[in-house]
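One structure is given below, encoded as structure tokens.
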Amino acid sequence: MPNRQRQTLRQLKDLDLRGANVTLAVVKEYKRDRVSQYTVKYVPIDQRLETRLRNIVVNHINNSNTVEEYTYDCPEPEEDQVRAISYEETDFYRIFEQLEDLNPEEDIIEDVEELVKSKAYMIILRNAEGIQVVGFKTLPENWRMKRNKGLIPLLYNENRFEDLEQDNVFSISSIVDLFYFNEFLFILSKKDFERGLNFREGMINNANELYQEVTQLNIFVNMEILTDRVGNNQRYLRKIATIRNLGHYRNPVYLQRLQQLSVAKGWNIQFEEEQIVITDETLDDILTLLQNKRLHSELTEEDFDVESTKPVNPNANL
């Protein structure tokens with residue numbers, strides 16, 4: 001997968017988007033049976049704004065030179081870095097399906113209230129073959145705001161956005177959270193990506209599935225301490241998601257080795273036969289070990305708990 005991600009980003013950077021048609025659409029969200037649903041509508045814009053929006057997306061693409069796979073526990077991307085994930089793994093898949101069926105000249109917002117209720121907007125770049133690139137930006141809680149640094153002021157006038165120098169009614173950021181190309185999302189802001197596409201809900205569902213699995217495998221004593229501590233806390237949900245993705249808890253050899261090292265190194269993890277006993281004091285250590293984030297330095301002979309266990313990958317650059 002990482003090779004495909006790098007190849008796709010390379011293809012994106014090779015695109016000539018200078019003549020691409022630019023449109024703007026807003027995304028509204030509502031819940032049905034506690035599941036997020038989305039509606040998309042276009043907002044007509046003037047030619048000057050088209051140019052500025054195109055430049056926002058193109059500049060982000062030009063400045064993205066390194067790609068790494070998105071994981072729940074990865075840090076925010078660095079300055080020239082993006083993190084990639086298949087769009088089918090996110091709510092963007094459903095948003096994009098709807099976007100493809102819309103007509104930019106007919107499926108447009110009806111009034112300013114539709115703008116106020118929007119959750120995000122998309123900058124869409126097309127050529128003769130259709131949609132090529134989409135920039136996605138999650139809106140702040142109230143995006144009717146005064147002029148701020150890094151924001152493009154806009155006036156909603158006669159059912160379209162017009163680029164302004166002053167007296168703005170709405171503001172569009174000069175950055176995006178991610179861009180879509182060829183079935184991948186390239187993430188510039190992990191925090192806003194997760195907020196905009198409801199990744200916390202996915203992490204909660206993922207945690208519930210892990211609870212069911214470890215209960216069937218009979219791995220833990222005092223499971224309620226784990227479930228109570230995690231709740232909907234995003235920091236713990238990330239840990240659970242990483243643990244499930246790695247799957248070390250399914251490996252009897254890994255668990256046996258964990259027990260042996262806990263005794264030898266005095267980590268104070270308790271066991272009842274082959275079950276791990278969870279306590280309030282040892283829960284964080286248990287989660288760290290199941291994430292394989294307690295590592296040994298051969299230089300200093302010390303053990304460290306680390307934030308990331310990404311293997312060294314000298315071929316990550318384009």
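Identifiers for the structure tokens are assigned positionally: chains receive A, B, ... in sequence, residues are indexed from 1 per chain, and ligands are indexed from 1 in the order shown.
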> Within 12 Å of Lys119 in chain A, counting only C-alpha atoms, which residues qualify if same-chain residues fewer than 6 places away don't, as a list of chain:residue names?
Replying inline: A:Ala25, A:Val26, A:Val27, A:Lys28, A:Glu29, A:Tyr30, A:Ser36, A:Gln37, A:Tyr38, A:Thr39, A:Val40, A:Lys41, A:Phe136, A:Lys137, A:Thr138, A:Leu139, A:Pro140, A:Glu141, A:Asn142, A:Trp143, A:Asp192, A:Arg195, A:Gly196, A:Leu197, A:Asn198
Could you please take those selected residues and save N, CA and C atoms as a compact mmCIF listing (two decimals), in the first residue's frame?
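Below is the file that was written, again-v5.txt:
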# COMPACT_ATOMS: atom_id res chain seq x y z
N ALA A 25 -18.45 23.62 -3.26
CA ALA A 25 -19.64 22.97 -2.72
C ALA A 25 -19.55 22.93 -1.20
N VAL A 26 -20.72 22.97 -0.55
CA VAL A 26 -20.76 22.86 0.91
C VAL A 26 -21.40 21.53 1.30
N VAL A 27 -21.00 21.03 2.47
CA VAL A 27 -21.46 19.74 2.97
C VAL A 27 -22.22 19.96 4.27
N LYS A 28 -23.44 19.47 4.32
CA LYS A 28 -24.24 19.48 5.54
C LYS A 28 -24.31 18.07 6.10
N GLU A 29 -24.37 17.97 7.42
CA GLU A 29 -24.43 16.66 8.08
C GLU A 29 -25.67 16.58 8.97
N TYR A 30 -26.30 15.43 8.98
CA TYR A 30 -27.38 15.17 9.92
C TYR A 30 -27.32 13.71 10.32
N SER A 36 -24.10 9.26 10.73
CA SER A 36 -23.99 10.52 10.00
C SER A 36 -24.42 10.35 8.55
N GLN A 37 -25.26 11.28 8.10
CA GLN A 37 -25.68 11.36 6.71
C GLN A 37 -25.25 12.73 6.17
N TYR A 38 -25.05 12.82 4.87
CA TYR A 38 -24.52 14.05 4.30
C TYR A 38 -25.34 14.50 3.09
N THR A 39 -25.46 15.81 2.94
CA THR A 39 -26.01 16.38 1.71
C THR A 39 -25.01 17.40 1.18
N VAL A 40 -24.90 17.46 -0.12
CA VAL A 40 -23.93 18.33 -0.78
C VAL A 40 -24.66 19.26 -1.72
N LYS A 41 -24.31 20.54 -1.69
CA LYS A 41 -24.87 21.53 -2.60
C LYS A 41 -23.75 22.44 -3.11
N PHE A 136 -10.78 19.54 0.74
CA PHE A 136 -11.84 19.44 1.75
C PHE A 136 -11.43 20.22 2.98
N LYS A 137 -12.34 21.08 3.47
CA LYS A 137 -12.04 21.88 4.66
C LYS A 137 -13.22 21.84 5.62
N THR A 138 -12.96 21.41 6.85
CA THR A 138 -13.97 21.42 7.90
C THR A 138 -14.11 22.84 8.44
N LEU A 139 -15.34 23.26 8.61
CA LEU A 139 -15.60 24.62 9.06
C LEU A 139 -15.55 24.72 10.58
N PRO A 140 -15.18 25.88 11.12
CA PRO A 140 -15.31 26.10 12.56
C PRO A 140 -16.78 26.10 12.96
N GLU A 141 -17.03 26.06 14.26
CA GLU A 141 -18.41 25.97 14.73
C GLU A 141 -19.28 27.09 14.16
N ASN A 142 -18.72 28.27 14.07
CA ASN A 142 -19.46 29.39 13.49
C ASN A 142 -18.55 30.06 12.47
N TRP A 143 -18.85 29.85 11.21
CA TRP A 143 -17.93 30.37 10.20
C TRP A 143 -18.37 31.71 9.63
N ASP A 192 -8.23 17.88 12.05
CA ASP A 192 -9.42 18.35 11.34
C ASP A 192 -9.99 17.27 10.43
N ARG A 195 -12.07 15.12 12.75
CA ARG A 195 -13.28 15.83 13.17
C ARG A 195 -14.27 15.94 12.02
N GLY A 196 -13.78 16.29 10.85
CA GLY A 196 -14.66 16.52 9.73
C GLY A 196 -15.32 15.28 9.18
N LEU A 197 -14.64 14.13 9.30
CA LEU A 197 -15.18 12.89 8.74
C LEU A 197 -15.54 11.88 9.82
N ASN A 198 -15.76 12.37 11.04
CA ASN A 198 -16.35 11.57 12.13
C ASN A 198 -15.57 10.31 12.45
With the cut-off set at 12 Å and counting only C-alpha atoms, tabulate each residue of range 163-232 of chain A with an atom at most that distance from an atom of range 252-258 of chain A, showing the nearest atom pair and its distance in Å to one decimal, ordered by chain and increasing number, as a Markdown table.
| residue | atom | partner | partner_atom | distance |
| --- | --- | --- | --- | --- |
| A:Leu217 | CA | A:Pro252 | CA | 10.6 |
| A:Asn218 | CA | A:Pro252 | CA | 12.0 |
| A:Ile219 | CA | A:Leu255 | CA | 9.3 |
| A:Phe220 | CA | A:Leu255 | CA | 11.4 |
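Nearest to Ser174 in chain A of all the residues A:Val22, A:Val306, A:Val58, A:Val43 is A:Val58, counting only C-alpha atoms.
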